[in-house]
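Data from protein.tsv: TSV, C-alpha atoms
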```
chain	number	residue	atom	x	y	z
A	517	MET	CA	43.69	-10.45	15.18
A	518	PHE	CA	43.92	-13.15	12.58
A	519	PHE	CA	41.94	-13.48	9.35
A	520	ALA	CA	42.12	-16.85	7.68
A	521	ALA	CA	41.36	-17.30	4.02
A	522	LEU	CA	42.48	-20.60	2.56
A	523	ILE	CA	42.16	-21.03	-1.16
A	524	LEU	CA	44.89	-23.47	-2.08
A	525	LEU	CA	44.89	-24.29	-5.75
A	526	LYS	CA	48.53	-25.33	-6.18
A	527	PRO	CA	51.23	-26.83	-3.95
A	528	PRO	CA	52.18	-24.65	-0.93
A	529	ALA	CA	55.16	-23.07	-2.68
A	530	ASN	CA	52.74	-21.43	-5.14
A	531	ALA	CA	49.72	-20.96	-2.87
A	532	LEU	CA	50.12	-17.20	-2.34
A	533	GLU	CA	50.68	-16.56	-6.04
A	534	ALA	CA	47.68	-18.72	-6.98
A	535	TYR	CA	45.53	-16.90	-4.40
A	536	SER	CA	46.69	-13.50	-5.66
A	537	GLN	CA	45.93	-14.38	-9.29
A	538	ARG	CA	42.52	-15.80	-8.42
A	539	MET	CA	41.49	-12.79	-6.30
A	540	GLN	CA	42.61	-10.22	-8.87
A	541	ALA	CA	40.77	-12.04	-11.67
A	542	ALA	CA	37.54	-12.65	-9.77
A	543	PRO	CA	34.70	-10.34	-10.87
A	544	SER	CA	32.99	-10.96	-7.54
A	545	PHE	CA	33.48	-12.93	-4.35
A	546	SER	CA	32.25	-13.23	-0.80
A	547	VAL	CA	34.10	-14.21	2.34
A	548	SER	CA	32.71	-15.29	5.70
A	549	LEU	CA	34.86	-14.16	8.61
A	550	LYS	CA	35.36	-15.26	12.20
A	551	MET	CA	37.35	-12.89	14.39
A	552	ASN	CA	39.09	-13.20	17.75
A	553	ARG	CA	41.17	-10.60	19.52
A	554	ASP	CA	43.18	-10.77	22.72
A	555	GLY	CA	41.29	-9.00	25.48
A	556	SER	CA	37.93	-9.20	23.69
A	557	ALA	CA	35.20	-11.56	24.75
A	558	GLY	CA	33.63	-13.93	22.25
A	559	THR	CA	34.04	-14.49	18.56
A	560	GLY	CA	32.94	-11.98	15.98
A	561	THR	CA	31.37	-12.92	12.67
A	562	GLY	CA	31.20	-10.98	9.46
A	563	THR	CA	30.80	-11.14	5.72
A	564	LEU	CA	32.54	-9.28	2.93
A	565	LEU	CA	30.79	-9.23	-0.46
A	566	VAL	CA	32.70	-7.68	-3.39
A	567	VAL	CA	31.41	-7.03	-6.91
A	568	ARG	CA	34.11	-5.40	-9.02
A	569	PRO	CA	34.90	-2.79	-10.09
A	570	SER	CA	33.59	-0.71	-7.17
A	571	ASN	CA	30.75	-2.30	-5.18
A	572	LEU	CA	31.06	-3.92	-1.78
A	573	LYS	CA	29.16	-4.68	1.38
A	574	PHE	CA	30.77	-5.52	4.71
A	575	TRP	CA	28.89	-6.35	7.86
A	576	VAL	CA	30.12	-7.57	11.23
A	577	LYS	CA	28.66	-8.50	14.61
A	578	TRP	CA	31.03	-8.79	17.54
A	579	GLY	CA	30.07	-8.44	21.16
A	580	SER	CA	27.74	-5.48	21.29
A	581	ALA	CA	28.92	-4.13	17.90
A	582	ASP	CA	26.71	-4.41	14.82
A	583	TYR	CA	28.30	-2.52	11.91
A	584	THR	CA	27.60	-2.39	8.16
A	585	PHE	CA	29.48	-0.63	5.36
A	586	VAL	CA	28.09	-0.43	1.80
A	587	LYS	CA	29.82	1.17	-1.20
A	588	ASN	CA	29.15	1.69	-4.88
A	589	SER	CA	30.87	3.89	-7.46
A	590	ALA	CA	29.12	7.06	-6.27
A	591	GLU	CA	28.65	6.86	-2.52
A	592	SER	CA	29.31	4.97	0.70
A	593	LEU	CA	27.00	4.35	3.61
A	594	GLU	CA	27.88	3.17	7.11
A	595	PHE	CA	25.45	1.93	9.76
A	596	ASP	CA	26.00	1.40	13.47
A	597	ARG	CA	22.88	-0.45	14.54
A	598	VAL	CA	23.70	-0.33	18.25
A	599	ASP	CA	23.99	3.46	18.36
A	600	ARG	CA	21.36	3.84	15.63
A	601	THR	CA	23.59	6.16	13.63
A	602	TYR	CA	24.73	6.29	10.03
A	603	MET	CA	26.97	8.30	7.72
A	604	GLN	CA	26.62	8.81	4.00
A	605	TYR	CA	29.34	10.32	1.81
A	606	ARG	CA	30.54	10.53	-1.77
A	607	THR	CA	33.18	8.07	-2.87
A	608	GLY	CA	35.26	7.27	-5.93
A	609	PRO	CA	34.90	4.43	-8.40
A	610	ALA	CA	37.96	2.54	-7.15
A	611	MET	CA	37.80	-0.34	-4.68
A	612	GLN	CA	38.94	1.82	-1.77
A	613	VAL	CA	37.44	1.97	1.70
A	614	ARG	CA	37.88	5.19	3.60
A	615	PRO	CA	38.52	4.83	7.36
A	616	SER	CA	35.30	5.09	9.33
A	617	LEU	CA	34.45	8.26	11.23
A	618	LEU	CA	31.43	6.49	12.70
A	619	SER	CA	32.79	3.37	14.39
A	620	ASN	CA	36.13	1.85	15.37
A	621	VAL	CA	34.78	-1.60	14.43
A	622	GLN	CA	35.84	-1.13	10.79
A	623	ALA	CA	39.46	-0.38	11.75
A	624	ILE	CA	39.90	-3.64	13.66
A	625	THR	CA	37.82	-5.98	11.50
A	626	PHE	CA	37.82	-4.93	7.83
A	627	PRO	CA	40.02	-7.31	5.76
A	628	ARG	CA	41.61	-4.77	3.38
A	629	GLU	CA	44.13	-7.37	2.17
A	630	LEU	CA	41.28	-9.27	0.51
A	631	LEU	CA	40.54	-6.25	-1.71
A	632	THR	CA	44.11	-6.10	-3.00
A	633	GLY	CA	44.39	-9.88	-3.31
A	634	ASP	CA	47.78	-9.89	-1.60
A	635	LEU	CA	47.94	-11.86	1.66
A	636	ARG	CA	51.69	-11.34	1.94
A	637	ARG	CA	51.16	-7.85	3.40
A	638	MET	CA	49.29	-9.22	6.41
A	639	MET	CA	51.63	-12.14	7.16
A	640	PRO	CA	54.69	-11.83	9.37
A	641	LYS	CA	57.97	-12.23	7.47
A	642	GLY	CA	59.00	-15.88	7.25
A	643	THR	CA	55.44	-17.25	7.52
A	644	GLU	CA	55.18	-20.74	6.09
A	645	LEU	CA	52.01	-22.22	4.62
A	646	LYS	CA	50.87	-25.77	5.16
A	647	LEU	CA	48.60	-27.57	2.69
A	648	GLU	CA	45.47	-28.61	4.62
A	649	SER	CA	43.43	-29.98	1.75
A	650	LYS	CA	43.35	-30.01	-2.01
A	651	ILE	CA	40.23	-29.45	-4.08
A	652	THR	CA	40.18	-30.90	-7.56
A	653	GLY	CA	37.65	-30.36	-10.30
```

Please express what this file holds, its structure, as structure tokens.
Amino acid sequence: MFFAALILLKPPANALEAYSQRMQAAPSFSVSLKMNRDGSAGTGTGTLLVVRPSNLKFWVKWGSADYTFVKNSAESLEFDRVDRTYMQYRTGPAMQVRPSLLSNVQAITFPRELLTGDLRRMMPKGTELKLESKITG
């Protein structure tokens, strides 16, 4: 599985640091995702919406899966629209996502690295970045 998030604000040598600083400073952000996995048919799509310090919504459709996770500082709620099931549980104020007991979709699609703002943890050692475009202004 590969998640791509390209926010290049500085030359490639500083891209990861610039991304990390930007993500940690952002009070809110949203990311659109496209997912492929060896052995799985089709492309999945999803969206992650984060409003710091503790609110988020994540939803994904992939094949027959249709999963949503919503969290605030007091509780979390998961929906599996295909099975028509949900789970509701208490949660803490931090930006942490507990592994799902409802669906395996979260385990293979949720981009946890985007919550920490550190892409280095998901990249193989020795990965090199290539500047694709530069946005000014």

**Asked** Could you state the separation of CA of Ser619 (chain A) and CA of Tyr583 (chain A) in Å, given to one decimal place?
**Response**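 Between CA of Ser619 (chain A) and CA of Tyr583 (chain A) the gap is 7.8 Å.
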
**Message:** For Val586 (chain A), find every residue with an atom within 9 Å (counting all atoms listed in the file), except residues of its own chain fewer than 3 positions away, and show them as a PyMOL selection string.
**Reply:** chain A and resi 571-575+591-595

**Asked** What is the distance between CA of Gln540 (chain A) and CA of Thr559 (chain A), in Å to one decimal?
**Response** 29.1 Å

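A straight line drawn from CA of Thr625 (chain A) to CA of Asn552 (chain A) is 9.6 Å long.
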
**Item:** Residue among A:Thr601, A:Ser570, A:Thr643, A:Ser616 lying closest to Leu532 (chain A), counting only C-alpha atoms
**Value:** A:Thr643

**Request:** Find the residue from A:Leu635, A:Ala542, A:Ala534, A:Ala590 that sits nearest to Arg568 (chain A); use all atoms listed in the file when measuring.
**Result:**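 Checking each candidate against Arg568 (chain A), we get A:Ala542 as the closest.
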
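The nearest approach to Ser556 (chain A) among the residues A:Pro640, A:Pro569, A:Gly579, A:Pro627, with all atoms listed in the file taken into account, belongs to A:Gly579.
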
**Prompt:** Looking at A:Leu617, A:Ala531, A:Ala610, A:Leu564, which one is nearest to Asn588 (chain A), with distances taken over only C-alpha atoms?
**Reply:**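 Closest residue, counting only C-alpha atoms: A:Ala610.
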
Take every atom of region 632-645 of chain A listed in the file, pad by 8 Å on each side, and give me the axis-aligned box centre and edge lengths in Å, one decimal, as AutoDock Vina command-line options.
```
--center_x 51.6 --center_y -14.2 --center_z 3.0 --size_x 30.9 --size_y 32.1 --size_z 28.7
```

**Message:** I'd like to know which of A:Arg637, A:Phe585, A:Gln537, A:Asp596 is closest to Pro615 (chain A), using all atoms listed in the file.
**Reply:** A:Phe585

**Counting all atoms listed in the file, the option among A:Asp554, A:Val566, A:Gly642, A:Ser548 closest to Gln612 (chain A)** = A:Val566

Shell around Thr632 (chain A) at 9 Å using only C-alpha atoms, local window under 6 positions removed, as a PDB file with C-alpha atoms, in the frame of the given file:
```pdb
ATOM      1  CA  SER A 536      46.690 -13.500  -5.660  1.00  0.00           C
ATOM      2  CA  MET A 539      41.490 -12.790  -6.300  1.00  0.00           C
ATOM      3  CA  GLN A 540      42.610 -10.220  -8.870  1.00  0.00           C
ATOM      4  CA  MET A 611      37.800  -0.340  -4.680  1.00  0.00           C
TER       5      MET A 611
END
```

**Request:** Give me the residues within 12 Å of Ser580 (chain A) as number ranges by chain, counting only C-alpha atoms and dropping any in the same chain fewer than 5 places off.
**Result:** A: 556-561, 596-599, 621
